[in-house]
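S.K.: Just start00.txt, nothing more (compact mmCIF, C-alpha atoms):
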```txt
# COMPACT_ATOMS: atom_id res chain seq x y z
CA MET A 22 30.51 39.80 -18.59
CA PRO A 23 34.21 40.83 -18.18
CA ILE A 24 36.47 37.86 -18.09
CA ARG A 25 37.98 38.69 -14.69
CA TYR A 26 34.53 38.64 -13.15
CA SER A 27 33.75 35.30 -14.62
CA VAL A 28 37.12 33.87 -13.41
CA CYS A 29 36.44 35.29 -9.99
CA PHE A 30 32.94 33.84 -10.06
CA MET A 31 34.27 30.44 -11.05
CA SER A 32 37.05 30.38 -8.47
CA ARG A 33 34.58 31.19 -5.70
CA CYS A 34 31.65 29.11 -6.82
CA LEU A 35 33.30 25.99 -8.24
CA PRO A 36 34.17 24.44 -4.86
CA LEU A 37 30.59 25.08 -3.74
CA LEU A 38 29.28 23.57 -6.95
CA PHE A 39 31.48 20.54 -6.41
CA LEU A 40 30.15 20.10 -2.91
CA ALA A 41 26.61 20.45 -4.17
CA ILE A 42 27.25 17.85 -6.88
CA LEU A 43 28.76 15.49 -4.29
CA PHE A 44 25.66 15.75 -2.13
CA VAL A 45 23.15 15.21 -4.91
CA SER A 46 25.17 12.74 -6.97
CA PRO A 47 23.37 9.52 -7.95
CA ALA A 48 25.53 7.50 -5.52
CA GLY A 49 24.47 9.72 -2.62
CA ALA A 50 20.85 9.58 -3.67
CA ASP A 51 21.05 5.81 -4.01
CA ARG A 52 22.63 5.40 -0.60
CA ASN A 53 19.65 7.31 0.75
CA ALA A 54 17.29 5.06 -1.21
CA VAL A 55 18.93 1.96 0.27
CA GLN A 56 18.80 3.47 3.78
CA LYS A 57 15.09 4.20 3.24
CA ALA A 58 14.51 0.61 2.12
CA TYR A 59 16.13 -0.66 5.33
CA GLU A 60 13.93 1.71 7.31
CA LEU A 61 10.83 0.44 5.54
CA SER A 62 11.72 -3.12 6.49
CA SER A 63 12.29 -1.99 10.08
CA ARG A 64 8.94 -0.22 10.14
CA ALA A 65 7.35 -3.53 9.07
CA MET A 66 9.14 -5.21 11.98
CA SER A 67 7.55 -2.82 14.45
CA LEU A 68 4.21 -3.57 12.75
CA LYS A 69 4.95 -7.31 13.14
CA PHE A 70 4.23 -7.62 9.44
CA PRO A 71 6.56 -10.20 7.80
CA PRO A 72 5.42 -9.50 4.19
CA GLY A 73 6.53 -5.90 4.75
CA VAL A 74 9.85 -7.03 6.25
CA TYR A 75 10.54 -9.03 3.07
CA SER A 76 9.19 -6.36 0.74
CA ILE A 77 12.71 -5.04 0.06
CA ARG A 78 14.00 -8.40 -1.18
CA ALA A 79 14.53 -9.15 -4.86
CA PRO A 80 13.20 -12.40 -6.35
CA GLY A 81 15.78 -15.12 -5.72
CA PHE A 82 17.06 -13.40 -2.57
CA GLU A 83 19.64 -15.38 -0.61
CA LEU A 84 20.48 -15.21 3.09
CA PHE A 85 23.62 -16.63 4.70
CA ASP A 86 24.21 -17.02 8.44
CA ALA A 87 27.32 -16.07 10.39
CA GLU A 88 28.87 -19.48 9.60
CA GLY A 89 28.36 -18.93 5.88
CA LYS A 90 25.51 -21.46 5.60
CA LYS A 91 22.61 -20.64 3.32
CA VAL A 92 19.45 -20.07 5.37
CA ASP A 93 16.18 -21.76 4.41
CA LEU A 94 13.87 -18.77 3.95
CA GLU A 95 10.75 -20.69 4.98
CA LEU A 96 12.46 -21.59 8.23
CA GLU A 97 13.55 -17.97 8.64
CA ASN A 98 9.92 -16.89 8.18
CA LYS A 99 8.70 -19.40 10.79
CA ASN A 100 11.31 -18.13 13.25
CA LEU A 101 10.39 -14.53 12.58
CA VAL A 102 6.67 -15.23 13.08
CA SER A 103 7.35 -16.94 16.41
CA VAL A 104 9.65 -14.14 17.59
CA LEU A 105 7.10 -11.49 16.60
CA GLY A 106 4.38 -13.55 18.29
CA ALA A 107 6.19 -13.37 21.62
CA ALA A 108 7.10 -9.69 21.31
CA LEU A 109 5.13 -7.10 23.22
CA LYS A 110 7.00 -4.34 21.42
CA ILE A 111 9.76 -4.37 18.85
CA ARG A 112 11.85 -1.59 17.36
CA GLU A 113 14.60 -1.84 14.79
CA THR A 114 17.21 0.77 13.86
CA PRO A 115 19.28 0.19 10.72
CA LYS A 116 22.45 2.14 9.99
CA ILE A 117 24.56 1.89 6.85
CA VAL A 118 28.20 1.73 7.94
CA SER A 119 29.78 1.59 4.49
CA TYR A 120 28.42 1.84 0.95
CA SER A 121 29.81 1.34 -2.53
CA GLU A 122 28.09 1.29 -5.88
CA ASN A 123 28.89 -0.08 -9.30
CA GLY A 124 26.31 0.61 -12.00
CA ASN A 125 23.07 -1.14 -11.06
CA ARG A 126 24.67 -2.98 -8.14
CA ALA A 127 25.56 -1.79 -4.67
CA HIS A 128 27.24 -3.31 -1.66
CA CYS A 129 26.90 -2.11 1.87
CA THR A 130 27.70 -3.01 5.43
CA VAL A 131 24.72 -2.41 7.66
CA GLU A 132 24.35 -2.51 11.42
CA VAL A 133 20.87 -3.29 12.66
CA ARG A 134 19.92 -2.84 16.30
CA THR A 135 16.73 -4.62 17.36
CA ASN A 136 15.16 -3.81 20.71
CA MET A 137 12.43 -6.14 21.82
CA ARG A 138 10.30 -6.62 24.92
CA ALA A 139 9.01 -10.16 25.05
CA ILE A 140 7.12 -12.60 27.20
CA VAL A 141 9.29 -15.54 28.11
CA PRO A 142 7.65 -18.75 29.37
CA GLY A 143 8.45 -19.30 33.03
CA LYS A 144 9.29 -15.65 33.71
CA LYS A 145 6.82 -13.48 35.55
CA HIS A 146 7.80 -10.22 33.91
CA PRO A 147 8.63 -9.40 30.29
CA VAL A 148 12.29 -9.42 29.29
CA ASP A 149 14.04 -6.69 27.27
CA TYR A 150 16.39 -7.90 24.58
CA GLU A 151 18.83 -6.11 22.35
CA LEU A 152 20.00 -7.86 19.22
CA SER A 153 22.86 -6.35 17.30
CA THR A 154 23.46 -7.64 13.77
CA ILE A 155 26.09 -6.68 11.21
CA CYS A 156 25.41 -7.72 7.63
CA GLU A 157 27.22 -7.49 4.31
CA ASP A 158 24.45 -6.85 1.80
CA ASP A 159 24.29 -6.82 -2.00
CA TRP A 160 21.68 -4.65 -3.67
CA VAL A 161 20.45 -4.60 -7.24
CA LEU A 162 18.58 -1.90 -9.12
CA ARG A 163 15.37 -3.35 -10.61
CA ASP A 164 12.77 -1.22 -12.39
CA GLY A 165 14.13 1.88 -10.70
CA HIS A 166 14.02 0.37 -7.19
CA TRP A 167 16.93 -0.91 -5.12
CA MET A 168 16.19 -4.46 -4.01
CA LEU A 169 18.16 -6.63 -1.59
CA GLN A 170 19.74 -9.49 -3.53
CA ARG A 171 21.95 -11.19 -0.97
CA SER A 172 22.58 -10.80 2.73
CA GLN A 173 25.46 -12.26 4.68
CA VAL A 174 25.24 -12.08 8.47
CA GLU A 175 28.74 -11.27 9.73
CA LYS A 176 28.13 -10.89 13.44
CA GLN A 177 25.17 -11.23 15.73
CA GLU A 178 24.99 -10.54 19.44
CA LEU A 179 22.01 -10.91 21.76
CA LYS A 180 21.82 -9.27 25.14
CA ALA A 181 19.02 -9.69 27.70
CA ARG A 182 18.49 -7.01 30.30
CA MET B 13 -62.51 -23.37 77.28
CA LYS B 14 -62.05 -26.56 75.30
CA ARG B 15 -61.97 -24.54 72.08
CA PHE B 16 -59.25 -22.25 73.56
CA GLY B 17 -57.18 -25.38 74.33
CA TYR B 18 -57.35 -26.51 70.68
CA VAL B 19 -56.32 -23.04 69.45
CA ALA B 20 -53.36 -22.94 71.87
CA LEU B 21 -52.30 -26.44 70.82
CA GLY B 22 -52.57 -25.44 67.13
CA MET B 23 -50.43 -22.32 67.70
CA LEU B 24 -47.83 -24.33 69.58
CA LEU B 25 -47.66 -26.89 66.79
CA GLY B 26 -47.34 -24.06 64.22
CA VAL B 27 -44.39 -22.57 66.11
CA VAL B 28 -42.68 -25.97 66.38
CA VAL B 29 -43.17 -26.68 62.67
CA SER B 30 -41.90 -23.18 61.67
CA VAL B 31 -38.77 -23.51 63.82
CA ALA B 32 -38.08 -26.96 62.39
CA ALA B 33 -38.56 -25.70 58.84
CA ALA B 34 -36.30 -22.67 59.45
CA ARG B 35 -33.57 -24.96 60.88
CA LEU B 36 -33.87 -27.27 57.89
CA ILE B 37 -33.56 -24.39 55.41
CA ARG B 38 -30.60 -22.94 57.33
CA SER B 39 -28.84 -26.30 57.40
CA GLN B 40 -29.36 -26.68 53.67
CA ARG B 41 -27.96 -23.22 53.02
CA ALA B 42 -24.90 -23.94 55.12
CA ALA B 43 -24.08 -27.17 53.31
CA PRO B 44 -25.44 -27.03 49.73
CA VAL B 45 -25.75 -30.31 47.94
CA SER B 46 -23.59 -30.38 44.81
CA PRO B 47 -25.61 -31.23 41.68
CA VAL B 48 -25.15 -34.67 40.26
CA VAL B 49 -23.35 -34.75 36.91
CA LEU B 50 -23.21 -38.51 36.48
CA GLU B 51 -24.93 -41.53 37.94
CA VAL B 52 -23.53 -45.02 37.48
CA ASN B 53 -25.58 -47.96 38.76
CA GLY B 54 -27.13 -45.72 41.38
CA GLU B 55 -23.82 -44.21 42.53
CA LYS B 56 -23.51 -40.49 41.97
CA ILE B 57 -20.68 -38.23 40.87
CA SER B 58 -21.18 -34.64 42.00
CA LEU B 59 -20.28 -31.42 40.19
CA GLU B 60 -17.81 -30.77 42.97
CA GLN B 61 -16.00 -34.03 42.19
CA LEU B 62 -15.97 -33.19 38.49
CA LEU B 63 -14.48 -29.74 39.12
CA GLU B 64 -11.84 -31.21 41.40
CA ARG B 65 -10.86 -33.65 38.64
CA LEU B 66 -10.88 -30.91 35.98
CA LYS B 67 -8.33 -28.90 37.96
CA GLY B 68 -5.66 -31.33 36.82
CA VAL B 69 -6.50 -31.41 33.11
CA GLY B 70 -7.02 -28.94 30.27
CA THR B 71 -9.28 -26.34 31.84
CA ALA B 72 -6.65 -23.61 31.58
CA PRO B 73 -7.05 -22.86 27.83
CA VAL B 74 -10.85 -22.67 28.14
CA LEU B 75 -10.62 -20.57 31.27
CA THR B 76 -7.98 -18.31 29.67
CA SER B 77 -10.28 -17.80 26.71
CA LEU B 78 -13.19 -16.93 29.04
CA LEU B 79 -10.90 -14.66 31.03
CA GLU B 80 -9.76 -12.79 27.91
CA GLU B 81 -13.32 -12.41 26.68
CA LYS B 82 -14.33 -10.99 30.06
CA LEU B 83 -11.37 -8.57 30.12
CA ILE B 84 -12.20 -7.36 26.60
CA ASP B 85 -15.93 -7.06 27.37
CA GLN B 86 -15.18 -5.03 30.50
CA GLU B 87 -12.73 -2.78 28.65
CA ALA B 88 -15.15 -2.29 25.76
CA ALA B 89 -17.89 -1.33 28.23
CA LYS B 90 -15.51 1.10 29.93
CA HIS B 91 -14.76 2.77 26.59
CA LYS B 92 -18.43 2.59 25.53
CA ILE B 93 -17.58 0.46 22.52
CA SER B 94 -20.47 -1.34 20.91
CA ILE B 95 -20.87 -3.21 17.65
CA PRO B 96 -22.83 -1.37 14.95
CA GLU B 97 -26.14 -3.05 14.04
CA LYS B 98 -25.04 -3.89 10.49
CA GLN B 99 -21.89 -5.63 11.68
CA GLU B 100 -23.82 -7.37 14.45
CA ARG B 101 -26.13 -8.86 11.82
CA ALA B 102 -23.15 -9.96 9.71
CA LEU B 103 -21.67 -11.72 12.74
CA GLU B 104 -25.00 -13.42 13.46
CA ASP B 105 -25.17 -14.63 9.86
CA LEU B 106 -21.69 -16.06 10.23
CA ALA B 107 -22.54 -17.75 13.54
CA ASN B 108 -25.80 -19.13 12.15
CA GLN B 109 -23.76 -21.45 9.96
CA ILE B 110 -23.21 -23.51 13.09
CA LYS B 111 -26.16 -25.81 13.74
CA GLU B 112 -25.69 -26.62 17.42
CA THR B 113 -27.24 -23.89 19.60
CA GLY B 114 -24.67 -23.84 22.41
CA ALA B 115 -21.67 -23.81 20.06
CA ARG B 116 -23.36 -21.13 17.94
CA ALA B 117 -23.85 -18.83 20.93
CA THR B 118 -20.23 -19.35 22.02
CA TYR B 119 -18.95 -18.67 18.49
CA LEU B 120 -21.09 -15.54 18.19
CA HIS B 121 -19.75 -14.23 21.49
CA GLN B 122 -16.18 -14.92 20.37
CA LEU B 123 -16.80 -13.03 17.11
CA GLN B 124 -18.31 -10.12 19.03
CA THR B 125 -15.32 -10.08 21.37
CA GLN B 126 -12.89 -10.06 18.43
CA MET B 127 -14.78 -7.14 16.91
CA LYS B 128 -14.69 -5.19 20.18
CA LEU B 129 -10.99 -5.96 20.59
CA ARG B 130 -10.30 -4.66 17.09
CA SER B 131 -12.08 -1.39 17.98
CA LEU B 132 -10.13 -1.11 21.23
CA LEU B 133 -6.82 -1.72 19.47
CA LEU B 134 -7.55 0.85 16.78
CA GLN B 135 -8.48 3.53 19.27
CA GLY B 136 -6.31 6.56 18.66
CA VAL B 137 -5.09 5.35 15.25
CA SER B 138 -5.78 8.17 12.84
CA GLU B 139 -6.93 7.78 9.25
CA GLU B 140 -3.63 9.41 8.20
CA GLU B 141 -1.64 6.72 10.00
CA LYS B 142 -3.66 4.00 8.27
CA LYS B 143 -3.17 5.66 4.89
CA ALA B 144 0.57 6.05 5.51
CA THR B 145 0.85 2.34 6.36
CA TYR B 146 -1.09 1.50 3.20
CA GLN B 147 1.21 3.70 1.09
CA GLN B 148 4.33 2.12 2.58
CA PHE B 149 3.19 -1.46 1.87
CA LYS B 150 0.82 -0.93 -1.03
CA GLN B 151 2.03 -3.98 -2.91
CA GLN B 152 1.76 -6.20 0.17
CA PHE B 153 -1.88 -5.13 0.65
CA ARG B 154 -2.83 -5.84 -2.97
CA GLN B 155 -5.31 -8.73 -3.22
CA TYR B 156 -5.97 -10.90 -6.25
CA GLU B 157 -9.25 -12.69 -6.74
CA LEU B 158 -8.05 -16.18 -7.47
CA SER B 159 -9.65 -19.33 -8.84
CA ALA B 160 -7.74 -22.57 -9.03
CA ILE B 161 -8.22 -26.04 -10.46
CA HIS B 162 -6.22 -28.55 -8.45
CA LEU B 163 -5.43 -31.28 -10.97
CA ARG B 164 -4.87 -34.98 -10.53
CA SER B 165 -2.37 -35.54 -13.35
CA TYR B 166 -0.55 -33.92 -16.24
CA LEU B 167 -2.96 -35.64 -18.67
CA ASP B 168 -5.90 -34.03 -16.89
CA ALA B 169 -4.04 -30.73 -17.11
CA ARG B 170 -3.72 -31.03 -20.89
CA ASP B 171 -7.41 -31.88 -21.29
CA ALA B 172 -8.47 -29.05 -18.95
CA GLU B 173 -6.27 -26.54 -20.81
CA LYS B 174 -7.77 -27.67 -24.12
CA ARG B 175 -11.32 -27.25 -22.84
CA LEU B 176 -10.52 -23.78 -21.51
CA ARG B 177 -8.97 -22.81 -24.85
CA ASN B 178 -12.15 -24.02 -26.59
CA GLY B 179 -14.19 -21.60 -24.50
CA GLU B 180 -15.56 -23.89 -21.80
CA SER B 181 -16.16 -21.98 -18.58
CA PHE B 182 -13.57 -22.17 -15.79
CA SER B 183 -16.18 -23.29 -13.26
CA ASP B 184 -17.31 -26.21 -15.47
CA VAL B 185 -13.72 -27.33 -16.06
CA ALA B 186 -13.02 -26.98 -12.33
CA ASP B 187 -16.04 -29.13 -11.46
CA ARG B 188 -14.94 -31.76 -13.99
CA TYR B 189 -11.21 -31.95 -13.14
CA GLY B 190 -10.78 -30.25 -9.75
CA LEU B 191 -9.69 -32.22 -6.71
CA GLY B 192 -11.27 -31.66 -3.30
CA ALA B 193 -14.91 -31.39 -2.32
CA GLY B 194 -14.65 -27.84 -1.02
CA ASN B 195 -13.25 -26.59 -4.30
CA ALA B 196 -16.61 -25.98 -6.00
CA GLN B 197 -16.13 -24.14 -9.29
CA GLY B 198 -12.52 -23.50 -8.37
CA LYS B 199 -13.27 -20.34 -6.40
CA VAL B 200 -10.60 -19.48 -3.85
CA GLY B 201 -11.23 -15.84 -2.93
CA PHE B 202 -9.11 -12.73 -2.53
CA LEU B 203 -5.51 -13.38 -1.56
CA THR B 204 -2.55 -11.12 -0.95
CA GLU B 205 0.74 -11.78 -2.73
CA SER B 206 2.31 -13.20 0.42
CA GLN B 207 -0.65 -15.56 0.91
CA ILE B 208 -0.31 -16.77 -2.69
CA GLU B 209 3.44 -17.24 -2.26
CA LEU B 210 2.97 -19.12 1.01
CA TRP B 211 0.32 -21.40 -0.46
CA LEU B 212 1.55 -21.90 -4.03
CA GLY B 213 5.14 -20.65 -4.19
CA GLU B 214 7.10 -17.90 -5.92
CA GLU B 215 6.67 -19.20 -9.48
CA ALA B 216 2.88 -19.32 -9.18
CA LEU B 217 2.89 -15.80 -7.73
CA GLU B 218 4.88 -14.58 -10.73
CA GLN B 219 2.29 -16.18 -13.02
CA VAL B 220 -0.61 -14.53 -11.16
CA ARG B 221 1.15 -11.16 -11.42
CA ARG B 222 1.49 -11.59 -15.18
CA LEU B 223 -2.13 -12.65 -15.78
CA LYS B 224 -4.72 -10.11 -16.83
CA GLN B 225 -8.19 -9.97 -15.30
CA GLY B 226 -10.24 -13.01 -16.38
CA GLN B 227 -7.20 -14.75 -17.87
CA CYS B 228 -6.11 -18.34 -17.09
CA GLY B 229 -2.49 -19.41 -16.86
CA ASP B 230 -0.95 -22.63 -18.16
CA ALA B 231 -0.96 -25.58 -15.78
CA ILE B 232 1.79 -25.09 -13.24
CA TYR B 233 3.41 -27.24 -10.55
CA THR B 234 2.94 -25.34 -7.29
CA LYS B 235 3.78 -26.08 -3.67
CA ALA B 236 0.20 -27.37 -3.30
CA GLY B 237 0.25 -29.52 -6.44
CA LEU B 238 -0.52 -29.21 -10.14
CA MET B 239 -2.85 -26.27 -10.77
CA ILE B 240 -4.47 -24.07 -13.36
CA LEU B 241 -4.91 -20.56 -11.99
CA ARG B 242 -7.30 -17.86 -13.07
CA ARG B 243 -7.03 -14.24 -12.02
CA GLY B 244 -10.16 -12.20 -11.32
CA ALA B 245 -10.40 -8.64 -10.02
CA VAL B 246 -7.67 -6.92 -8.04
CA LYS B 247 -8.34 -5.00 -4.85
CA GLU B 248 -5.66 -2.36 -4.46
CA ARG B 249 -7.32 0.95 -3.66
CA TYR B 250 -7.04 2.22 -0.09
CA GLU B 251 -10.75 1.71 0.59
CA GLU B 252 -10.45 -1.91 -0.50
CA ALA B 253 -7.26 -2.56 1.46
CA ARG B 254 -8.41 -0.73 4.60
CA PRO B 255 -9.63 -3.83 6.51
CA LEU B 256 -6.25 -5.48 5.93
CA VAL B 257 -4.36 -2.36 6.96
CA GLU B 258 -6.44 -2.17 10.15
CA ALA B 259 -5.85 -5.87 10.82
CA VAL B 260 -2.09 -5.38 10.55
CA ILE B 261 -2.07 -2.34 12.85
CA ALA B 262 -4.39 -4.03 15.37
CA ASN B 263 -2.31 -7.20 15.34
CA SER B 264 0.89 -5.26 16.03
CA ARG B 265 -0.71 -3.80 19.17
CA GLN B 266 -2.65 -6.81 20.44
CA MET B 267 0.03 -8.61 22.43
CA ASN B 268 1.06 -5.55 24.41
CA TYR B 269 -2.54 -4.45 24.92
CA MET B 270 -3.63 -7.83 26.29
CA TYR B 271 -0.58 -7.94 28.53
CA GLU B 272 -1.51 -4.54 29.97
CA LEU B 273 -5.08 -5.75 30.56
CA TYR B 274 -3.85 -8.87 32.34
CA SER B 275 -1.37 -6.94 34.43
CA SER B 276 -3.91 -4.45 35.72
CA ALA B 277 -6.71 -6.99 36.33
CA ASN B 278 -7.58 -8.69 39.59
CA ILE B 279 -7.78 -12.35 38.56
CA LYS B 280 -8.66 -15.13 40.96
CA SER B 281 -9.12 -18.76 40.02
CA PRO B 282 -8.20 -22.06 41.64
CA PHE B 283 -7.75 -23.41 38.11
CA LEU B 284 -5.13 -20.89 36.99
CA GLN B 285 -1.75 -21.00 38.71
CA ASP B 286 -0.29 -17.80 37.32
CA PRO B 287 -2.59 -16.26 34.76
CA ALA B 288 -0.64 -13.09 34.01
CA PRO B 289 1.94 -14.20 31.43
CA GLU B 290 -0.44 -16.47 29.50
CA VAL B 291 -1.33 -14.07 26.70
CA LYS B 292 -2.76 -15.45 23.50
CA THR B 293 -1.08 -14.39 20.28
CA GLU B 294 -3.95 -14.85 17.88
CA ALA B 295 -4.33 -12.19 15.24
CA PRO B 296 -7.73 -10.54 14.91
CA THR B 297 -9.77 -12.05 12.11
CA PRO B 298 -9.15 -9.95 9.00
CA ALA B 299 -12.37 -8.77 7.42
CA VAL B 300 -11.46 -10.00 3.96
CA ASP B 301 -12.36 -12.96 1.82
CA THR B 302 -9.55 -15.42 2.18
CA ALA B 303 -9.04 -19.01 1.24
CA PRO B 304 -8.65 -21.56 3.99
CA ILE B 305 -4.89 -21.82 3.74
```
Show me the file's structure as structure tokens.
M.R.:
Amino acid sequence: MPIRYSVCFMSRCLPLLFLAILFVSPAGADRNAVQKAYELSSRAMSLKFPPGVYSIRAPGFELFDAEGKKVDLELENKNLVSVLGAALKIRETPKIVSYSENGNRAHCTVEVRTNMRAIVPGKKHPVDYELSTICEDDWVLRDGHWMLQRSQVEKQELKAR
Amino acid sequence: MKRFGYVALGMLLGVVVSVAAARLIRSQRAAPVSPVVLEVNGEKISLEQLLERLKGVGTAPVLTSLLEEKLIDQEAAKHKISIPEKQERALEDLANQIKETGARATYLHQLQTQMKLRSLLLQGVSEEEKKATYQQFKQQFRQYELSAIHLRSYLDARDAEKRLRNGESFSDVADRYGLGAGNAQGKVGFLTESQIELWLGEEALEQVRRLKQGQCGDAIYTKAGLMILRRGAVKERYEEARPLVEAVIANSRQMNYMYELYSSANIKSPFLQDPAPEVKTEAPTPAVDTAPI
């Protein structure tokens, strides 16, 4: 192949190649894997299936509330079971706002929107709630799977309609 | 002539008696006498009095349960849902464990209602959807056949471990050292990972995961006490996990389904103030062997 053709080929195709590499780089793929893990947990929420909700957590997972206090996971589970028990329908939408990765560790900010229709004692009709939560999460790569290692709730807002 | 007089008198008496009897029957119909439910030193308490008194105390849960059963029965009939003969027999076997006839019949009806409700809740759920749910949470649907010896002390644990190492059977060691009357031969049943974690804790779950089929672990301090655990078979294929998958899907729909049934029903009862929002949140009974945790 004449050299000028190959230079021409490279000058035209390199930017495209770069773009392609950016899109399929491990970091991009891993961000997708983490997003999928959040979605799996959300799917378990709509199934009212706590073991599925926790399925993305690594052994030794730690949760901290908005005041920085470590949350007792058994208490968290009890609360979740009672919330799910009162819910007629529940839907959760997670969205990664920012993502960074360092070897087998990743950090991301995630915004989770939870829409729930629930029966409230004393009210004749069900109430629609929207819970918006922002978390700073640490992920760790274990046996080829990204697992949630630590979650810090930054902000939480509940609205009833 | 004299005979005619007797006949006329007889007819007249007949008419009088019939009218009196008709009046008596009518008066009884108009004001029925309430059956007596209790008699104390000759003084009677009527059913009406009992019902009036019951209005104030815990009739609502019983009535709500009856109401839900009726709603489910009606809905099942509407959708032509019936219980297959084989399952019906299995339910009868389960109910037959109860000795008292009345309680047995009630329990059987409740089991039948649960079964019908499960069918109603799974209406329209395709096999693909069930399989997809299974694939997504395969590990959470995995069930380990577990046996456990709940030990009294660390010394017992050492002795029990020694006997197991020397080839004594797990059931014999369990009978010798196990605590609890219902723990015959140490059999627990099939448990999911989350059930094991809830009952025994994370460390015990890790041990169960590491054990091979038929293998016993070392004595371990769990949330439920000092234990020796033995792992049996593992149920993890879709066909084996299917009842659990169905239970999870049915449970996720139950609350909303029951609410819809309540909302569209015409419910009248002097015992229920506002029946609509009182929806039970019980999960359908999963058709798997589970330990009484």
S.K.: Restrict the calculation to only C-alpha atoms, then for each residue of chain B with any atom at most 7 Å from an atom of chain A give the closest atom pair and their distance in Å to one decimal, rows by chain and rising residue number, as CSV.
M.R.:
```
residue,atom,partner,partner_atom,distance
B:Phe149,CA,A:Gly73,CA,6.3
B:Gln152,CA,A:Pro72,CA,6.4
B:Ser206,CA,A:Pro72,CA,6.1
B:Val260,CA,A:Phe70,CA,6.8
B:Ile261,CA,A:Leu68,CA,6.4
B:Ser264,CA,A:Leu68,CA,5.0
B:Met267,CA,A:Leu109,CA,5.4
B:Asn268,CA,A:Leu109,CA,4.5
B:Pro289,CA,A:Lys145,CA,6.4
B:Thr293,CA,A:Gly106,CA,5.9
```
S.K.: Would you write out those residues with C-alpha atoms, as a PDB file, in the frame of the given file?
M.R.:
```
ATOM      1  CA  PHE B 149       3.190  -1.460   1.870  1.00  0.00           C
ATOM      2  CA  GLN B 152       1.760  -6.200   0.170  1.00  0.00           C
ATOM      3  CA  SER B 206       2.310 -13.200   0.420  1.00  0.00           C
ATOM      4  CA  VAL B 260      -2.090  -5.380  10.550  1.00  0.00           C
ATOM      5  CA  ILE B 261      -2.070  -2.340  12.850  1.00  0.00           C
ATOM      6  CA  SER B 264       0.890  -5.260  16.030  1.00  0.00           C
ATOM      7  CA  MET B 267       0.030  -8.610  22.430  1.00  0.00           C
ATOM      8  CA  ASN B 268       1.060  -5.550  24.410  1.00  0.00           C
ATOM      9  CA  PRO B 289       1.940 -14.200  31.430  1.00  0.00           C
ATOM     10  CA  THR B 293      -1.080 -14.390  20.280  1.00  0.00           C
TER      11      THR B 293
END
```
S.K.: Using all atoms listed in the file, which of the listed residues (B:Leu203, B:Leu163, B:Ile232, B:Leu123) sits closest to Glu215 in chain B?
M.R.: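 Counting all atoms listed in the file, the residue closest to Glu215 in chain B is B:Ile232.
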S.K.: For Thr234 in chain B, find every residue with an atom within 8 Å (counting all atoms listed in the file), except residues of its own chain fewer than 3 positions away, and show them as number ranges by chain.
M.R.: B: 212-213, 215-216, 237-239
S.K.: Leaving out Ala88 in chain B and any residue of its chain fewer than 4 positions from it, which residues lie within 10 Å of it when counting only C-alpha atoms, given as an MDAnalysis selection string?
M.R.: chainID B and resid 82:84 92:95 125 128:129 131:132
S.K.: Work out how far CA of Pro255 in chain B is from CA of Lys90 in chain B, in Å to one decimal.
M.R.: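 One can read the CA of Lys90 in chain B to CA of Pro255 in chain B distance as 24.6 Å.
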S.K.: What does the distance between CA of Glu140 in chain B and CA of Arg249 in chain B come to in Å, to one decimal place?
M.R.: 15.0 Å
S.K.: Tell me which of B:Ser159, B:Gln197, B:Gln135, B:Gln109 sits closest to Arg265 in chain B, counting all atoms listed in the file.
M.R.: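 Between B:Ser159, B:Gln197, B:Gln135, B:Gln109, the residue approaching Arg265 in chain B most closely is B:Gln135.
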S.K.: Could you check which residues have any atom within 10 Å of (20.9, -17.3, 9.5), counting all atoms listed in the file with coordinates taken straight from the file, and then list them as a list of chain:residue names?
M.R.: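 Returned residue set, sorted by chain then number, is A:Leu84, A:Phe85, A:Asp86, A:Ala87, A:Glu88, A:Gly89, A:Lys90, A:Lys91, A:Val92, A:Asp93, A:Leu94, A:Leu96, A:Glu97, A:Ser172, A:Gln173, A:Val174, A:Glu175, A:Gln177.
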S.K.: So what do you get for CA of Thr154 in chain A versus CA of Glu132 in chain A, distance-wise?
M.R.: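 Distance between the two atoms: 5.7 Å.
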S.K.: Taking 2 positions as the minimum chain separation for residues in the same chain, which residues sit within 8 Å of Val118 in chain A when counting only C-alpha atoms? Answer as a PDB file with C-alpha atoms, in the coordinates of the input.
M.R.:
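Result saved to part.pdb:
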```
ATOM      1  CA  LYS A 116      22.450   2.140   9.990  1.00  0.00           C
ATOM      2  CA  TYR A 120      28.420   1.840   0.950  1.00  0.00           C
ATOM      3  CA  CYS A 129      26.900  -2.110   1.870  1.00  0.00           C
ATOM      4  CA  THR A 130      27.700  -3.010   5.430  1.00  0.00           C
ATOM      5  CA  VAL A 131      24.720  -2.410   7.660  1.00  0.00           C
ATOM      6  CA  GLU A 132      24.350  -2.510  11.420  1.00  0.00           C
TER       7      GLU A 132
END
```
S.K.: Excluding Ala262 in chain B and its own-chain neighbours fewer than 4 positions away, which residues fall within 8 Å of it when counting all atoms listed in the file? Please give them as JSON, numbers by chain.
M.R.: {"B": [130, 133, 134, 258, 266, 296]}
S.K.: List the spatial neighbours of Asp159 in chain A as a PyMOL selection string - criterion: any atom at most 6 Å away, only C-alpha atoms, same-chain residues fewer than 2 positions off excluded.
M.R.: chain A and resi 127-128+170-171
S.K.: Kindly export the residues of the current selection with C-alpha atoms, as a PDB file, in the coordinates of the input.
M.R.:
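The resulting file, out-v2.pdb, is shown below:
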```
ATOM      1  CA  ALA A 127      25.560  -1.790  -4.670  1.00  0.00           C
ATOM      2  CA  HIS A 128      27.240  -3.310  -1.660  1.00  0.00           C
ATOM      3  CA  GLN A 170      19.740  -9.490  -3.530  1.00  0.00           C
ATOM      4  CA  ARG A 171      21.950 -11.190  -0.970  1.00  0.00           C
TER       5      ARG A 171
END
```
